[in-house]
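Engineer: The structure follows.
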Amino acid sequence: MTSRVNCMVLGLALALALAGCASDRGETAPDPQTAPTTSGSAAETQTATESPTEVSTTAAVDPATGPRLAVRGLSVNAPAGWRATRPYAVMASAVPPGATETIASVYRFPNSGLFTVDELGDSYRSQSRAKFKLKRLEDVELDGQTSFHVAGKANPGEYFETFGSIVNDDHLLIFFEFHDGEDKATRDEIIASVLATVDYREVKQ
């Protein structure tokens, strides 16, 4: 349980860092200290071994039917059988049965006019928790909103996949962490089923 809480706290800290790293539009979006120090060739070699989820808004997939995860402005369903953890005003998460670290989360944080979707996507490529540089994939459309898509092997035994949009000047994030040896097919199925339930309508807390 402690490790799962740490995952959620660290994910929230990342969202807070992104929102607080600039005081006006003229400052750079990402914190330079969050950039990985791994050499480009080594990082690219590591991430090249991973195949990020190919998201298609038209692919046939059964929507997830598990617990509803909601923050103001965004809701998704976790897969059936997953258990929701304690929700917060800016974060909601769920974990699969028997997993030790794997987690799916949604986040909300005020954007305050600071960043564009493109700038946020670039920032998430170099997360402070990631030893290896993640891959920025093509933007996708989720429930009518443009979302950045970042994915890849973050650390040994850790695979991250992140989708983020700006709606009503809120930074809304769907974040997946896989730590339990899930293969690509399993990851793809989980992510696709959750994304099929994305709803950006106003969610009251």
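Naming scheme: A, B, ... for chains in displayed order of the structure tokens; residues 1 onward per chain; ligands 1 onward as shown.
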Write out as a PyMOL selection string the residues lying within 10 Å of Asp180 (chain A), counting only C-alpha atoms and excluding same-chain residues fewer than 5 positions away.
Structural biologist: chain A and resi 98-102+157-159
Engineer: Can I get the selection written as a PDB file, in the first residue's frame, with all heavy atoms?
Structural biologist:
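File produced: result20.pdb:
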ATOM      1  N   GLY A  98      -4.076  -7.771  -7.020  1.00  0.00           N
ATOM      2  CA  GLY A  98      -2.818  -8.498  -6.945  1.00  0.00           C
ATOM      3  C   GLY A  98      -1.597  -7.736  -7.408  1.00  0.00           C
ATOM      4  O   GLY A  98      -0.480  -8.222  -7.275  1.00  0.00           O
ATOM      5  N   ALA A  99      -1.763  -6.539  -7.954  1.00  0.00           N
ATOM      6  CA  ALA A  99      -0.613  -5.763  -8.430  1.00  0.00           C
ATOM      7  C   ALA A  99       0.070  -5.077  -7.253  1.00  0.00           C
ATOM      8  O   ALA A  99      -0.563  -4.729  -6.258  1.00  0.00           O
ATOM      9  CB  ALA A  99      -1.052  -4.734  -9.456  1.00  0.00           C
ATOM     10  N   THR A 100       1.355  -4.873  -7.384  1.00  0.00           N
ATOM     11  CA  THR A 100       2.104  -4.215  -6.325  1.00  0.00           C
ATOM     12  C   THR A 100       2.360  -2.744  -6.612  1.00  0.00           C
ATOM     13  O   THR A 100       2.486  -1.945  -5.698  1.00  0.00           O
ATOM     14  CB  THR A 100       3.453  -4.916  -6.103  1.00  0.00           C
ATOM     15  OG1 THR A 100       4.198  -4.897  -7.342  1.00  0.00           O
ATOM     16  CG2 THR A 100       3.250  -6.351  -5.674  1.00  0.00           C
ATOM     17  N   GLU A 101       2.446  -2.366  -7.885  1.00  0.00           N
ATOM     18  CA  GLU A 101       2.775  -0.985  -8.231  1.00  0.00           C
ATOM     19  C   GLU A 101       1.926  -0.418  -9.363  1.00  0.00           C
ATOM     20  O   GLU A 101       1.796   0.798  -9.492  1.00  0.00           O
ATOM     21  CB  GLU A 101       4.252  -0.885  -8.651  1.00  0.00           C
ATOM     22  CG  GLU A 101       5.253  -1.254  -7.563  1.00  0.00           C
ATOM     23  CD  GLU A 101       5.441  -0.160  -6.533  1.00  0.00           C
ATOM     24  OE1 GLU A 101       4.898   0.943  -6.740  1.00  0.00           O
ATOM     25  OE2 GLU A 101       6.108  -0.409  -5.514  1.00  0.00           O
ATOM     26  N   THR A 102       1.394  -1.246 -10.224  1.00  0.00           N
ATOM     27  CA  THR A 102       0.637  -0.764 -11.390  1.00  0.00           C
ATOM     28  C   THR A 102      -0.541   0.087 -10.943  1.00  0.00           C
ATOM     29  O   THR A 102      -1.227  -0.242  -9.974  1.00  0.00           O
ATOM     30  CB  THR A 102       0.158  -1.960 -12.229  1.00  0.00           C
ATOM     31  OG1 THR A 102       1.302  -2.615 -12.780  1.00  0.00           O
ATOM     32  CG2 THR A 102      -0.762  -1.522 -13.352  1.00  0.00           C
ATOM     33  N   GLY A 157      11.998  -1.867 -15.305  1.00  0.00           N
ATOM     34  CA  GLY A 157      10.790  -2.460 -14.760  1.00  0.00           C
ATOM     35  C   GLY A 157       9.600  -1.528 -14.684  1.00  0.00           C
ATOM     36  O   GLY A 157       8.554  -1.916 -14.160  1.00  0.00           O
ATOM     37  N   GLU A 158       9.720  -0.302 -15.205  1.00  0.00           N
ATOM     38  CA  GLU A 158       8.624   0.676 -15.147  1.00  0.00           C
ATOM     39  C   GLU A 158       8.296   1.175 -16.552  1.00  0.00           C
ATOM     40  O   GLU A 158       9.182   1.600 -17.286  1.00  0.00           O
ATOM     41  CB  GLU A 158       8.995   1.882 -14.286  1.00  0.00           C
ATOM     42  CG  GLU A 158       9.139   1.586 -12.815  1.00  0.00           C
ATOM     43  CD  GLU A 158       9.442   2.851 -12.029  1.00  0.00           C
ATOM     44  OE1 GLU A 158      10.055   3.772 -12.588  1.00  0.00           O
ATOM     45  OE2 GLU A 158       9.062   2.907 -10.859  1.00  0.00           O
ATOM     46  N   TYR A 159       7.023   1.149 -16.890  1.00  0.00           N
ATOM     47  CA  TYR A 159       6.565   1.659 -18.177  1.00  0.00           C
ATOM     48  C   TYR A 159       5.479   2.686 -17.915  1.00  0.00           C
ATOM     49  O   TYR A 159       4.529   2.432 -17.175  1.00  0.00           O
ATOM     50  CB  TYR A 159       6.009   0.518 -19.039  1.00  0.00           C
ATOM     51  CG  TYR A 159       5.585   0.957 -20.416  1.00  0.00           C
ATOM     52  CD1 TYR A 159       6.488   0.988 -21.477  1.00  0.00           C
ATOM     53  CD2 TYR A 159       4.276   1.357 -20.663  1.00  0.00           C
ATOM     54  CE1 TYR A 159       6.094   1.413 -22.742  1.00  0.00           C
ATOM     55  CE2 TYR A 159       3.876   1.775 -21.919  1.00  0.00           C
ATOM     56  CZ  TYR A 159       4.787   1.799 -22.951  1.00  0.00           C
ATOM     57  OH  TYR A 159       4.399   2.228 -24.198  1.00  0.00           O
TER      58      TYR A 159
END
Engineer: So that I can see what lies close to Tyr88 (chain A), please list as a short mmCIF file (atom, residue, chain, number, x, y, z; two decimals) with N, CA and C atoms, in the first residue's frame the residues with an atom at most 10 Å from it, counting only C-alpha atoms and leaving out residues fewer than 5 positions away in the same chain.
Structural biologist:
data_model
loop_
_atom_site.label_atom_id
_atom_site.label_comp_id
_atom_site.auth_asym_id
_atom_site.auth_seq_id
_atom_site.Cartn_x
_atom_site.Cartn_y
_atom_site.Cartn_z
N ALA A 70 -12.72 10.26 -11.27
CA ALA A 70 -13.16 11.57 -11.71
C ALA A 70 -12.47 12.69 -10.95
N VAL A 71 -12.11 13.71 -11.70
CA VAL A 71 -11.74 15.01 -11.16
C VAL A 71 -12.62 16.02 -11.88
N SER A 93 -7.44 7.50 -8.53
CA SER A 93 -6.65 6.39 -9.05
C SER A 93 -7.32 5.05 -8.78
N TYR A 107 -5.68 13.29 -13.22
CA TYR A 107 -5.25 14.46 -12.46
C TYR A 107 -5.89 15.72 -13.05
N GLN A 205 -17.61 17.65 -7.98
CA GLN A 205 -16.96 16.95 -6.88
C GLN A 205 -17.84 16.99 -5.64
#
Engineer: Which is closer to Ala78 (chain A) than all the others in A:Tyr200, A:Phe115, A:Phe175, A:Phe109, using only C-alpha atoms?
Structural biologist: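 Among the listed residues, the smallest separation from Ala78 (chain A) belongs to A:Phe175.
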Engineer: If we count only C-alpha atoms, what is near region 131-147 of chain A at a cut-off of 6 Å, once residues fewer than 6 positions away on the same chain are taken out, given as a CSV table (one decimal) with C-alpha atoms, in the first residue's frame?
Structural biologist:
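File produced: out-v9.csv:
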chain,number,residue,atom,x,y,z
A,43,ALA,CA,18.3,6.7,-23.4
A,125,ARG,CA,8.9,13.6,-22.1
A,154,ALA,CA,10.8,5.2,-17.7
A,155,ASN,CA,13.1,3.1,-15.4
A,163,PHE,CA,-2.3,11.6,-22.1
A,164,GLY,CA,-2.9,15.2,-21.4
A,165,SER,CA,-5.3,17.9,-22.5
Engineer: What's the 8 Å shell around Asp170 (chain A), counting only C-alpha atoms, without same-chain residues fewer than 3 positions away, as JSON, numbers by chain?
Structural biologist: {"A": [108, 109, 110, 111, 112, 166, 167]}
Engineer: Selection from above, N, CA, C and O atoms, as a PDB file, in the first residue's frame, can you write it?
Structural biologist:
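Writing done, so here's selection23.pdb:
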ATOM      1  N   ARG A 108      -6.056  16.701 -12.195  1.00  0.00           N
ATOM      2  CA  ARG A 108      -6.456  18.038 -12.646  1.00  0.00           C
ATOM      3  C   ARG A 108      -5.620  19.065 -11.915  1.00  0.00           C
ATOM      4  O   ARG A 108      -5.407  18.975 -10.706  1.00  0.00           O
ATOM      5  N   PHE A 109      -5.135  20.050 -12.687  1.00  0.00           N
ATOM      6  CA  PHE A 109      -4.433  21.163 -12.061  1.00  0.00           C
ATOM      7  C   PHE A 109      -4.660  22.408 -12.894  1.00  0.00           C
ATOM      8  O   PHE A 109      -4.679  22.330 -14.124  1.00  0.00           O
ATOM      9  N   PRO A 110      -4.871  23.573 -12.269  1.00  0.00           N
ATOM     10  CA  PRO A 110      -5.107  24.792 -13.042  1.00  0.00           C
ATOM     11  C   PRO A 110      -3.952  25.093 -13.993  1.00  0.00           C
ATOM     12  O   PRO A 110      -2.788  25.031 -13.601  1.00  0.00           O
ATOM     13  N   ASN A 111      -4.281  25.401 -15.216  1.00  0.00           N
ATOM     14  CA  ASN A 111      -3.254  25.763 -16.196  1.00  0.00           C
ATOM     15  C   ASN A 111      -2.909  27.243 -16.114  1.00  0.00           C
ATOM     16  O   ASN A 111      -1.783  27.647 -16.378  1.00  0.00           O
ATOM     17  N   SER A 112      -3.882  28.066 -15.735  1.00  0.00           N
ATOM     18  CA  SER A 112      -3.693  29.517 -15.566  1.00  0.00           C
ATOM     19  C   SER A 112      -3.108  30.184 -16.800  1.00  0.00           C
ATOM     20  O   SER A 112      -2.341  31.143 -16.688  1.00  0.00           O
ATOM     21  N   ILE A 166      -5.833  20.278 -22.232  1.00  0.00           N
ATOM     22  CA  ILE A 166      -6.189  21.488 -21.507  1.00  0.00           C
ATOM     23  C   ILE A 166      -7.642  21.811 -21.864  1.00  0.00           C
ATOM     24  O   ILE A 166      -7.960  22.051 -23.026  1.00  0.00           O
ATOM     25  N   VAL A 167      -8.497  21.780 -20.871  1.00  0.00           N
ATOM     26  CA  VAL A 167      -9.928  22.027 -21.068  1.00  0.00           C
ATOM     27  C   VAL A 167     -10.381  23.042 -20.021  1.00  0.00           C
ATOM     28  O   VAL A 167     -10.125  22.860 -18.822  1.00  0.00           O
TER      29      VAL A 167
END
Engineer: Restricting the calculation to only C-alpha atoms, which member of A:Glu189, A:Asp199, A:Glu161, A:Asp122 is positioned closest to Asp62 (chain A)?
Structural biologist: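 Smallest separation from Asp62 (chain A) among the options: A:Glu189.
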Engineer: Rounded to one decimal place, report the CA of Gly81 (chain A)-CA of Gly66 (chain A) distance in Å.
Structural biologist: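 We find that CA of Gly81 (chain A) and CA of Gly66 (chain A) lie 6.1 Å from each other.
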Engineer: Let's see if you can do this: from backbone DSSP, list all alpha helix (DSSP H) residues in region 137-196 of chain A, as an NGL selection string.
Structural biologist: :A and (184-195)
Engineer: Calculated over only C-alpha atoms, which of the candidates A:Val61, A:Leu195, A:Ile174, A:Leu69 has the smallest distance to Val150 (chain A)?
Structural biologist: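 Among the listed residues, the smallest separation from Val150 (chain A) belongs to A:Ile174.
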